[in-house]
$ cat coords_37.tsv   # TSV, C-alpha atoms and all ligand atoms
chain	number	residue	atom	x	y	z
G	244	MET	CA	-59.76	-19.77	22.34
G	245	SER	CA	-60.67	-17.39	19.53
G	246	GLY	CA	-57.83	-15.08	20.65
G	247	VAL	CA	-55.33	-17.92	20.35
G	248	MET	CA	-56.71	-18.85	16.95
G	249	THR	CA	-56.28	-15.29	15.72
G	250	VAL	CA	-52.66	-15.12	16.85
G	251	SER	CA	-51.79	-18.42	15.19
G	252	GLU	CA	-53.59	-17.36	12.03
G	253	LYS	CA	-51.51	-14.22	11.93
G	254	VAL	CA	-48.30	-16.15	12.40
G	255	HIS	CA	-49.17	-18.70	9.76
G	256	GLY	CA	-50.60	-16.10	7.46
G	257	SER	CA	-47.37	-14.13	7.31
G	258	ALA	CA	-45.27	-17.31	7.30
G	259	SER	CA	-47.19	-18.65	4.33
G	260	ALA	CA	-46.76	-15.43	2.39
G	261	ALA	CA	-43.01	-15.44	3.08
G	262	GLN	CA	-42.22	-19.14	2.83
G	263	GLY	CA	-44.99	-20.57	0.72
G	264	ALA	CA	-45.30	-24.30	1.27
G	265	VAL	CA	-43.57	-24.26	4.62
G	266	ALA	CA	-46.59	-22.75	6.38
G	267	GLY	CA	-48.44	-24.95	8.86
G	268	ASN	CA	-51.86	-26.42	8.27
G	269	THR	CA	-53.83	-23.95	10.33
G	270	GLY	CA	-57.50	-23.53	9.66
G	271	SER	CA	-58.70	-20.05	8.86
G	272	ARG	CA	-61.98	-18.30	8.77
G	273	ILE	CA	-63.41	-17.38	5.37
G	274	GLY	CA	-65.44	-14.19	5.38
G	275	PHE	CA	-67.68	-12.70	2.73
G	276	GLU	CA	-68.70	-9.14	3.57
G	277	ASN	CA	-71.33	-7.71	1.23
G	278	VAL	CA	-69.64	-9.37	-1.74
G	279	SER	CA	-71.15	-8.69	-5.15
G	280	VAL	CA	-69.89	-9.99	-8.50
G	281	ALA	CA	-71.08	-8.70	-11.86
G	282	TYR	CA	-70.34	-9.69	-15.44
G	283	GLY	CA	-70.90	-6.47	-17.34
G	284	SER	CA	-74.26	-5.24	-16.14
G	285	LEU	CA	-75.36	-8.72	-15.00
G	286	VAL	CA	-75.10	-9.08	-11.22
G	287	VAL	CA	-74.58	-12.81	-10.50
G	288	LEU	CA	-73.73	-12.53	-6.81
G	289	GLU	CA	-75.52	-9.95	-4.72
G	290	SER	CA	-74.27	-8.66	-1.36
G	291	LEU	CA	-73.23	-12.03	-0.01
G	292	ASN	CA	-72.56	-12.12	3.73
G	293	LEU	CA	-71.26	-15.43	4.95
G	294	THR	CA	-68.69	-16.71	7.45
G	295	VAL	CA	-67.04	-20.11	7.42
G	296	ASN	CA	-65.46	-20.59	10.82
G	297	PRO	CA	-62.02	-22.20	11.20
G	298	GLY	CA	-62.23	-25.97	10.84
G	299	GLU	CA	-65.81	-25.88	9.66
G	300	ILE	CA	-67.35	-27.30	6.48
G	301	VAL	CA	-69.93	-25.03	4.92
G	302	ALA	CA	-71.86	-26.32	1.91
G	303	LEU	CA	-73.33	-23.93	-0.62
G	304	ILE	CA	-76.24	-25.50	-2.43
G	305	GLY	CA	-78.73	-24.14	-4.93
G	306	PRO	CA	-79.98	-24.59	-8.47
G	307	SER	CA	-77.85	-24.23	-11.57
G	308	GLY	CA	-76.77	-20.65	-12.21
G	309	SER	CA	-77.48	-19.48	-8.64
G	310	GLY	CA	-73.91	-18.19	-8.12
G	311	LYS	CA	-72.28	-21.00	-6.12
G	312	THR	CA	-69.17	-21.38	-8.31
G	313	THR	CA	-68.90	-17.60	-8.58
G	314	ALA	CA	-68.75	-17.33	-4.77
G	315	LEU	CA	-66.03	-19.99	-4.64
G	316	ARG	CA	-64.02	-18.38	-7.43
G	317	ALA	CA	-64.19	-15.07	-5.61
G	318	VAL	CA	-62.51	-16.68	-2.58
G	319	ALA	CA	-59.89	-18.30	-4.81
G	320	GLY	CA	-59.21	-14.98	-6.53
G	321	PHE	CA	-60.31	-15.99	-10.03
G	322	VAL	CA	-63.08	-13.40	-10.11
G	323	ARG	CA	-62.88	-9.92	-8.68
G	324	PRO	CA	-65.85	-8.67	-6.63
G	325	SER	CA	-67.49	-5.48	-7.88
G	326	ALA	CA	-68.19	-4.61	-4.24
G	327	GLY	CA	-67.46	-5.95	-0.77
G	328	ARG	CA	-64.57	-7.66	0.99
G	329	ILE	CA	-63.26	-11.21	1.23
G	330	THR	CA	-61.15	-12.22	4.20
G	331	ILE	CA	-59.18	-15.35	5.05
G	332	GLY	CA	-58.29	-15.41	8.70
G	333	ASP	CA	-57.58	-11.77	9.49
G	334	ARG	CA	-56.25	-10.99	6.03
G	335	ASP	CA	-58.24	-8.97	3.54
G	336	VAL	CA	-57.55	-10.97	0.36
G	337	THR	CA	-60.00	-9.12	-1.89
G	338	HIS	CA	-57.25	-7.77	-4.09
G	339	LEU	CA	-54.61	-10.47	-3.69
G	340	PRO	CA	-53.75	-12.69	-6.66
G	341	PRO	CA	-54.79	-16.37	-6.31
G	342	TYR	CA	-51.26	-17.66	-5.58
G	343	GLU	CA	-50.94	-15.47	-2.50
G	344	ARG	CA	-54.10	-16.81	-0.86
G	345	ASN	CA	-52.84	-20.22	0.31
G	346	ILE	CA	-55.91	-22.02	-0.99
G	347	GLY	CA	-56.43	-25.55	-2.26
G	348	MET	CA	-59.14	-25.97	-4.87
G	349	VAL	CA	-60.74	-29.02	-6.46
G	350	VAL	CA	-63.19	-28.75	-9.32
G	351	GLN	CA	-65.69	-31.11	-10.89
G	352	ASN	CA	-63.65	-32.48	-13.78
G	353	TYR	CA	-60.40	-33.31	-11.97
G	354	ALA	CA	-58.23	-30.98	-14.07
G	355	LEU	CA	-55.12	-33.11	-13.58
G	356	PHE	CA	-52.28	-32.50	-16.01
G	357	PRO	CA	-52.56	-35.46	-18.40
G	358	HIS	CA	-48.87	-35.55	-19.35
G	359	MET	CA	-47.68	-35.71	-15.73
G	360	ARG	CA	-47.53	-38.75	-13.49
G	361	VAL	CA	-49.51	-38.71	-10.25
G	362	GLU	CA	-46.47	-37.68	-8.17
G	363	GLU	CA	-45.70	-34.76	-10.49
G	364	ASN	CA	-49.31	-33.62	-10.41
G	365	VAL	CA	-49.24	-33.60	-6.62
G	366	ALA	CA	-45.86	-31.84	-6.54
G	367	PHE	CA	-47.02	-29.15	-8.95
G	368	GLY	CA	-48.36	-26.65	-6.43
G	369	LEU	CA	-45.35	-27.14	-4.17
G	370	ARG	CA	-42.92	-26.46	-7.02
G	371	ALA	CA	-44.89	-23.39	-8.03
G	372	LYS	CA	-44.48	-22.12	-4.48
G	373	GLY	CA	-40.73	-22.77	-4.59
G	374	ALA	CA	-40.70	-25.61	-2.04
G	375	SER	CA	-37.40	-27.47	-1.60
G	376	GLU	CA	-36.89	-31.01	-2.99
G	377	ASP	CA	-36.81	-32.31	0.60
G	378	ILE	CA	-40.25	-30.90	1.31
G	379	ILE	CA	-41.60	-32.22	-1.98
G	380	ARG	CA	-40.19	-35.71	-1.29
G	381	ALA	CA	-41.94	-35.74	2.09
G	382	ARG	CA	-45.17	-34.00	1.18
G	383	VAL	CA	-46.13	-35.91	-2.00
G	384	PRO	CA	-46.41	-39.40	-0.44
G	385	GLU	CA	-47.97	-37.91	2.69
G	386	SER	CA	-50.72	-36.21	0.68
G	387	LEU	CA	-51.35	-39.28	-1.47
G	388	ALA	CA	-51.56	-41.47	1.64
G	389	MET	CA	-54.27	-39.20	3.06
G	390	VAL	CA	-56.54	-40.09	0.16
G	391	GLY	CA	-55.48	-43.74	-0.12
G	392	MET	CA	-53.50	-43.25	-3.35
G	393	ALA	CA	-49.96	-43.96	-2.11
G	394	PRO	CA	-49.48	-46.99	-4.43
G	395	TYR	CA	-50.25	-44.99	-7.59
G	396	THR	CA	-47.44	-42.41	-7.72
G	397	LYS	CA	-46.07	-43.51	-11.11
G	398	ARG	CA	-49.38	-43.73	-13.00
G	399	TYR	CA	-50.63	-41.20	-15.53
G	400	PRO	CA	-54.14	-39.76	-15.01
G	401	ARG	CA	-55.46	-41.76	-18.01
G	402	GLU	CA	-54.48	-44.96	-16.16
G	403	LEU	CA	-56.77	-44.11	-13.22
G	404	SER	CA	-60.52	-44.39	-12.68
G	405	GLY	CA	-62.61	-41.24	-12.20
G	406	GLY	CA	-62.74	-41.72	-8.43
G	407	GLN	CA	-58.97	-42.25	-8.28
G	408	GLN	CA	-58.32	-39.14	-10.38
G	409	GLN	CA	-60.48	-37.10	-8.04
G	410	ARG	CA	-58.55	-38.43	-5.04
G	411	VAL	CA	-55.31	-37.31	-6.70
G	412	ALA	CA	-56.84	-33.89	-7.33
G	413	ILE	CA	-57.65	-33.66	-3.62
G	414	ALA	CA	-54.11	-34.78	-2.70
G	415	ARG	CA	-52.73	-32.09	-5.02
G	416	ALA	CA	-54.87	-29.46	-3.31
G	417	LEU	CA	-53.79	-30.64	0.16
G	418	ALA	CA	-50.07	-30.89	-0.65
G	419	ILE	CA	-49.52	-27.15	-0.22
G	420	ARG	CA	-51.15	-27.43	3.22
G	421	PRO	CA	-53.75	-24.82	2.38
G	422	GLN	CA	-55.48	-22.75	5.03
G	423	VAL	CA	-58.75	-23.32	3.23
G	424	LEU	CA	-59.97	-25.96	0.83
G	425	LEU	CA	-62.48	-25.04	-1.84
G	426	LEU	CA	-64.41	-27.90	-3.43
G	427	ASP	CA	-66.63	-27.26	-6.44
G	428	GLU	CA	-68.92	-30.24	-7.08
G	429	PRO	CA	-65.96	-32.58	-6.56
G	430	LEU	CA	-68.08	-35.71	-6.79
G	431	SER	CA	-70.57	-34.83	-9.49
G	432	ALA	CA	-68.68	-36.59	-12.31
G	433	LEU	CA	-68.67	-39.88	-10.39
G	434	ASP	CA	-71.37	-42.54	-10.43
G	435	ALA	CA	-73.68	-42.94	-7.45
G	436	GLN	CA	-71.85	-45.77	-5.68
G	437	ILE	CA	-68.39	-44.21	-5.93
G	438	ARG	CA	-69.86	-40.87	-4.87
G	439	ARG	CA	-71.16	-42.52	-1.70
G	440	SER	CA	-67.78	-43.98	-0.76
G	441	MET	CA	-65.93	-40.75	-1.67
G	442	LEU	CA	-68.34	-38.92	0.61
G	443	ASP	CA	-67.31	-41.19	3.49
G	444	GLU	CA	-63.67	-40.55	2.59
G	445	LEU	CA	-64.13	-36.78	2.57
G	446	ALA	CA	-65.73	-37.01	6.02
G	447	LYS	CA	-62.76	-39.07	7.24
G	448	LEU	CA	-60.30	-36.65	5.64
G	449	HIS	CA	-61.87	-33.82	7.58
G	450	ARG	CA	-61.61	-35.81	10.81
G	451	ASP	CA	-57.89	-36.28	10.04
G	452	LEU	CA	-57.46	-32.55	9.27
G	453	PRO	CA	-59.83	-30.93	11.75
G	454	ASN	CA	-58.34	-27.45	11.30
G	455	LEU	CA	-58.99	-27.30	7.59
G	456	THR	CA	-61.73	-24.84	6.68
G	457	VAL	CA	-63.81	-26.09	3.79
G	458	LEU	CA	-66.25	-24.37	1.45
G	459	TYR	CA	-68.07	-27.06	-0.48
G	460	VAL	CA	-70.25	-26.31	-3.48
G	461	THR	CA	-72.78	-28.90	-4.56
G	462	HIS	CA	-76.29	-29.22	-5.79
G	463	ASP	CA	-76.62	-32.58	-4.09
G	464	GLN	CA	-78.42	-32.17	-0.79
G	465	THR	CA	-77.23	-35.55	0.51
G	466	GLU	CA	-73.62	-34.39	0.21
G	467	ALA	CA	-74.47	-31.16	1.99
G	468	LEU	CA	-76.41	-32.84	4.81
G	469	THR	CA	-73.74	-35.53	5.27
G	470	LEU	CA	-70.66	-33.31	5.34
G	471	ALA	CA	-71.56	-29.78	6.31
G	472	ASN	CA	-71.78	-28.12	9.71
G	473	HIS	CA	-73.67	-25.27	8.10
G	474	ILE	CA	-75.50	-25.00	4.78
G	475	GLY	CA	-76.17	-21.92	2.67
G	476	ILE	CA	-78.94	-22.12	0.08
G	477	MET	CA	-78.43	-19.85	-2.94
G	478	ARG	CA	-80.91	-18.66	-5.51
G	479	GLY	CA	-80.49	-16.06	-8.23
G	480	GLY	CA	-77.18	-14.78	-6.80
G	481	LYS	CA	-78.58	-14.38	-3.28
G	482	LEU	CA	-78.21	-16.34	-0.10
G	483	LYS	CA	-81.78	-17.41	0.68
G	484	ALA	CA	-81.14	-19.37	3.85
G	485	PHE	CA	-78.24	-20.20	6.13
G	486	GLY	CA	-78.09	-22.40	9.19
G	487	SER	CA	-76.95	-25.65	10.70
G	488	ALA	CA	-77.82	-28.65	8.54
G	489	GLN	CA	-80.23	-29.90	11.23
G	490	SER	CA	-82.06	-26.64	11.78
G	491	LEU	CA	-82.43	-25.85	8.07
G	492	PHE	CA	-83.93	-29.28	7.53
G	493	ARG	CA	-86.14	-29.28	10.60
G	494	HIS	CA	-87.35	-25.69	10.47
G	495	PRO	CA	-86.68	-24.16	7.07
G	496	PRO	CA	-87.02	-20.36	7.14
G	497	ASN	CA	-88.90	-20.08	3.84
G	498	ARG	CA	-90.66	-21.99	1.09
G	499	PHE	CA	-87.61	-22.23	-1.16
G	500	ALA	CA	-85.42	-23.70	1.58
G	501	ALA	CA	-88.13	-26.22	2.51
G	502	GLU	CA	-88.56	-27.36	-1.08
G	503	PHE	CA	-84.90	-27.35	-2.07
G	504	LEU	CA	-83.62	-29.23	0.99
G	505	GLY	CA	-85.62	-32.41	1.36
G	506	ARG	CA	-88.65	-31.75	-0.88
G	507	ALA	CA	-91.07	-30.93	1.93
G	508	ASN	CA	-94.85	-31.00	1.65
G	509	LEU	CA	-96.07	-27.44	2.16
G	510	ILE	CA	-99.72	-27.18	3.10
G	511	PRO	CA	-101.37	-23.74	3.11
G	512	VAL	CA	-102.93	-23.13	6.52
G	513	THR	CA	-104.64	-20.23	8.28
G	514	GLY	CA	-106.03	-19.12	11.60
G	515	LEU	CA	-103.00	-19.45	13.81
G	516	ASP	CA	-103.85	-19.49	17.49
G	517	GLY	CA	-101.63	-19.77	20.54
G	518	ALA	CA	-98.68	-18.70	18.41
G	519	ASP	CA	-96.30	-18.25	21.33
G	520	GLY	CA	-93.23	-19.75	19.69
G	521	ALA	CA	-93.71	-23.33	20.81
G	522	ARG	CA	-96.90	-24.87	19.47
G	523	ALA	CA	-99.67	-23.38	17.36
G	524	GLY	CA	-103.07	-24.53	16.22
G	525	VAL	CA	-103.90	-23.97	12.53
G	526	LYS	CA	-106.71	-24.74	10.13
G	527	PHE	CA	-106.38	-26.50	6.80
G	528	GLY	CA	-109.85	-25.95	5.35
G	529	ALA	CA	-112.10	-27.13	8.16
G	530	GLN	CA	-109.46	-29.44	9.59
G	531	ALA	CA	-107.69	-28.42	12.81
G	532	LEU	CA	-103.98	-29.25	12.96
G	533	SER	CA	-101.16	-28.44	15.33
G	534	ALA	CA	-97.50	-27.67	14.64
G	535	GLN	CA	-94.26	-26.20	16.00
G	536	ASN	CA	-94.03	-22.45	15.51
G	537	HIS	CA	-90.24	-22.05	15.47
G	538	HIS	CA	-90.34	-18.85	13.51
G	539	ARG	CA	-92.80	-17.22	15.89
G	540	LEU	CA	-95.32	-16.41	13.20
G	541	ALA	CA	-97.86	-13.86	14.29
G	542	LYS	CA	-101.35	-14.92	15.22
G	543	GLY	CA	-103.73	-14.76	12.27
G	544	SER	CA	-101.13	-14.92	9.49
G	545	ASP	CA	-101.39	-17.26	6.53
G	546	CYS	CA	-98.50	-19.69	6.43
G	547	LEU	CA	-97.37	-23.11	5.29
G	548	LEU	CA	-97.33	-26.31	7.26
G	549	CYS	CA	-94.08	-28.13	6.42
G	550	VAL	CA	-94.31	-31.93	6.61
G	551	ARG	CA	-91.45	-34.17	5.51
G	552	PRO	CA	-92.64	-37.15	3.41
G	553	HIS	CA	-91.35	-39.69	5.97
G	554	ASP	CA	-93.31	-38.05	8.84
G	555	PHE	CA	-96.71	-39.11	7.46
G	556	LYS	CA	-97.63	-42.53	8.83
G	557	LEU	CA	-100.45	-44.90	7.96
G	558	GLN	CA	-100.44	-46.37	11.46
G	559	LYS	CA	-101.31	-43.90	14.20
G	560	GLY	CA	-98.58	-43.59	16.83
G	561	GLU	CA	-99.16	-42.42	20.39
G	562	ASN	CA	-98.25	-38.76	19.71
G	563	ASP	CA	-99.69	-38.54	16.20
G	564	THR	CA	-102.56	-36.21	17.04
G	565	ASN	CA	-102.72	-34.73	13.52
G	566	SER	CA	-104.41	-36.58	10.70
G	567	LEU	CA	-105.48	-35.99	7.11
G	568	THR	CA	-107.68	-38.11	4.88
G	569	GLY	CA	-107.27	-38.14	1.12
G	570	VAL	CA	-107.33	-40.19	-2.06
G	571	VAL	CA	-104.30	-42.14	-3.27
G	572	GLN	CA	-102.99	-40.95	-6.64
G	573	SER	CA	-99.91	-43.06	-7.21
G	574	VAL	CA	-97.91	-45.76	-5.51
G	575	GLN	CA	-94.30	-46.44	-6.42
G	576	TRP	CA	-92.06	-49.11	-5.02
G	577	GLN	CA	-88.34	-48.23	-5.08
G	578	GLY	CA	-86.75	-51.19	-3.34
G	579	ASP	CA	-86.14	-49.80	0.11
G	580	VAL	CA	-89.10	-47.37	0.17
G	581	HIS	CA	-92.65	-46.94	-1.00
G	582	ASN	CA	-93.50	-43.51	-2.43
G	583	ILE	CA	-97.17	-42.61	-2.25
G	584	THR	CA	-98.85	-39.47	-3.52
G	585	PHE	CA	-102.33	-38.60	-2.33
G	586	GLU	CA	-104.69	-35.68	-2.70
G	587	VAL	CA	-106.33	-33.81	0.16
G	588	ALA	CA	-108.57	-30.84	-0.68
G	589	GLU	CA	-106.80	-30.28	-4.01
G	590	GLN	CA	-103.33	-30.45	-2.45
G	591	VAL	CA	-101.13	-33.25	-3.74
G	592	LEU	CA	-99.01	-34.58	-0.87
G	593	ARG	CA	-96.19	-37.09	-0.82
G	594	MET	CA	-95.30	-39.70	1.75
G	595	THR	CA	-92.53	-42.29	1.94
G	596	SER	CA	-92.56	-45.37	4.08
G	597	ALA	CA	-90.70	-48.61	4.57
G	598	PRO	CA	-91.76	-51.13	1.89
G	599	MET	CA	-95.28	-52.41	2.52
G	600	SER	CA	-96.52	-55.88	1.69
G	601	ASN	CA	-100.02	-54.50	1.06
G	602	PRO	CA	-99.68	-50.94	-0.23
G	603	PRO	CA	-102.87	-48.96	-0.82
G	604	GLU	CA	-104.23	-48.88	-4.39
G	605	PRO	CA	-104.63	-45.71	-6.47
G	606	GLY	CA	-108.15	-44.35	-5.95
G	607	ALA	CA	-108.40	-45.73	-2.41
G	608	SER	CA	-109.04	-43.48	0.54
G	609	ILE	CA	-106.18	-43.21	3.08
G	610	THR	CA	-105.73	-41.48	6.39
G	611	VAL	CA	-102.23	-40.35	7.35
G	612	HIS	CA	-101.18	-39.48	10.88
G	613	PHE	CA	-98.38	-37.22	12.07
G	614	ASN	CA	-96.86	-35.82	15.22
G	615	PRO	CA	-97.15	-32.02	15.79
G	616	ALA	CA	-93.58	-32.11	17.16
G	617	ASP	CA	-92.28	-33.24	13.74
G	618	VAL	CA	-93.89	-30.47	11.69
G	619	THR	CA	-93.22	-26.79	11.57
G	620	LEU	CA	-94.76	-23.60	10.20
G	621	VAL	CA	-93.00	-21.74	7.41
G	622	PRO	CA	-93.85	-18.15	6.49
G	623	GLU	CA	-95.71	-17.80	3.18
G	624	ASP	CA	-93.25	-15.14	2.03
G	625	LYS	CA	-92.52	-13.73	-1.34
G	626	VAL	CA	-89.34	-15.55	-2.33
G	627	ASP	CA	-88.17	-13.42	-5.19
G	628	GLY	CA	-85.54	-13.97	-7.83
G	701	LIG	N1	-67.45	-15.66	-17.20
G	701	LIG	C1	-68.77	-15.39	-17.16
G	701	LIG	N2	-69.31	-14.42	-17.94
G	701	LIG	C2	-70.62	-14.11	-17.90
G	701	LIG	N3	-71.51	-14.73	-17.09
G	701	LIG	C3	-71.04	-15.71	-16.28
G	701	LIG	C4	-69.66	-16.09	-16.29
G	701	LIG	N4	-69.50	-17.08	-15.37
G	701	LIG	C5	-70.72	-17.31	-14.85
G	701	LIG	N5	-71.65	-16.50	-15.39
G	701	LIG	C6	-73.08	-16.44	-15.04
G	701	LIG	O1	-73.18	-16.24	-13.65
G	701	LIG	C7	-74.30	-16.95	-13.10
G	701	LIG	C8	-73.83	-17.80	-11.95
G	701	LIG	O2	-72.95	-18.80	-12.43
G	701	LIG	P1	-72.28	-19.86	-11.47
G	701	LIG	O3	-71.28	-20.61	-12.27
G	701	LIG	O4	-71.77	-19.19	-10.25
G	701	LIG	O5	-73.52	-20.79	-11.10
G	701	LIG	P2	-73.58	-22.14	-10.24
G	701	LIG	O6	-74.51	-21.88	-9.11
G	701	LIG	O7	-72.22	-22.59	-9.93
G	701	LIG	O8	-74.31	-23.13	-11.27
G	701	LIG	P3	-74.04	-24.70	-11.58
G	701	LIG	O9	-74.79	-25.45	-10.51
G	701	LIG	O10	-74.67	-24.89	-12.91
G	701	LIG	O11	-72.57	-24.95	-11.57
G	701	LIG	C9	-74.88	-17.75	-14.27
G	701	LIG	O12	-76.02	-17.08	-14.72
G	701	LIG	C10	-73.78	-17.75	-15.29
G	701	LIG	O13	-74.32	-17.81	-16.60
G	702	MG	MG	-71.09	-24.25	-10.51

$ encode --input "coords_37.tsv" --output "structure tokens"
Amino acid sequence: MSGVMTVSEKVHGSASAAQGAVAGNTGSRIGFENVSVAYGSLVVLESLNLTVNPGEIVALIGPSGSGKTTALRAVAGFVRPSAGRITIGDRDVTHLPPYERNIGMVVQNYALFPHMRVEENVAFGLRAKGASEDIIRARVPESLAMVGMAPYTKRYPRELSGGQQQRVAIARALAIRPQVLLLDEPLSALDAQIRRSMLDELAKLHRDLPNLTVLYVTHDQTEALTLANHIGIMRGGKLKAFGSAQSLFRHPPNRFAAEFLGRANLIPVTGLDGADGARAGVKFGAQALSAQNHHRLAKGSDCLLCVRPHDFKLQKGENDTNSLTGVVQSVQWQGDVHNITFEVAEQVLRMTSAPMSNPPEPGASITVHFNPADVTLVPEDKVDG
């Protein structure tokens, strides 16, 4: 299978270089090999190693300034790495200009040309690549239909809502049938409800174009968890964690990943016993608890017990052999959930639950229960930078 993919990538790669828009819509692997980017003496991306497999969506998440956009721009060819190699399919594109990379890119603020109608905006990339009028006439409505904007060809961007403009921007990126699609916070300028429905549409778009390889930058973890096969978490120009969305959420490799993705409770624990990879007993103060030891932490090491807020329960279930007793600090009702913070041995912990008719009062004592299978141990490592 991978052999076939490589051959077709080669064919389409050379075809796209020679014929521009005529190339087929073949997904291609994106590879970062030890890629660093510096502005003057400031290194903003440090030895990034990352692979996005053909047809996959990888989300890069991380705080502001962590280097996400820089990584994307390096793939697009808008910034030049100071070290390392970038590949698309089997091609080393590190030193190719942007227009030879066969990439579609969508950024946060639409960047449509205001003086052009929708159809001209979508045709722009095709014209730049020298596509024939026949191809343009076919490709423009096809791309607009993919994002549900077929009826709007004659409008100007100012006559469209934010969500509609962003759909046109996506159609414009897809019109050249790119090998890879780069999305930089494409939904962040939209309000919450439209963002939700655009997210569903992006998921559908990827089902319709299963070969398209997508690198998706966001700082919204819901977008990342909803769309991505794999997630990379960036901090200070470095990739701090990488894995499938499920595994990063269920067993984060470090404190930063646990806090950034899903705001986990992290309880300092000691005295690991039976640390054989499956289940381990730990102590939180005098309290004995049990957890998954996915990362095979060595016996006797200090570490963190990672508990997601929704895994604490007030009612003890059959397998909830762990429990903690503390004092309620705050109770917040948010429509579909109750948020409760409580303090146990000077640790402030957070739980969420379905709305309760009789929530506990601040100052009351509560006991929470949780299942050892739902919680995991995270190394107490020095997360620098
Ligand atoms: N042209 C530039 N010249 C100098 N420094 C830059 C330039 N572009 C970006 N930087 C710096 O590089 C670092 C990474 O920026 P980048 O845009 O990649 O962050 P980001 O993770 O996309 O952040 P955000 O979530 O805010 O978009 C930042 O410290 C930024 O100030
Ligand atoms: Mg950015």

$ closest_residue --input "coords_37.tsv" --among "G:Thr396, G:Ala616, G:Thr595, G:Leu509" --to "Ala521 in chain G" --atoms "all atoms listed in the file"
G:Ala616

$ residues_near_ligand --input "coords_37.tsv" --ligand "ligand LIG 701 (chain G)" --cutoff "7 Å" --atoms "only C-alpha atoms and all ligand atoms" --output "list of chain:residue names"
G:Tyr282, G:Val287, G:Gly305, G:Pro306, G:Ser307, G:Gly308, G:Ser309, G:Gly310, G:Lys311, G:Thr312, G:Thr313, G:Ala314, G:His462, G:Gly480

$ closest_residue --input "coords_37.tsv" --among "G:Asp377, G:Glu299, G:Asp563, G:Glu428" --to "ligand MG 702 (chain G)" --atoms "all atoms listed in the file"
G:Glu428

$ residues_around --input "coords_37.tsv" --residues "Glu276 in chain G" --least-positions-apart "3" --cutoff "10 Å" --atoms "all atoms listed in the file" --output "PyMOL selection string"
chain G and resi 273+279+290-294+326-330

$ axis_aligned_box --input "coords_37.tsv" --around "range 317-328 of chain G" --padding-each-side "4 Å" --output "lines of an AutoDock Vina configuration file"
center_x = -63.7
center_y = -11.5
center_z = -4.6
size_x = 17.0
size_y = 21.7
size_z = 19.1

$ closest_residue --input "coords_37.tsv" --among "G:Glu343, G:Asp427, G:Glu376, G:Glu402" --to "ligand MG 702 (chain G)" --atoms "all atoms listed in the file"
G:Asp427
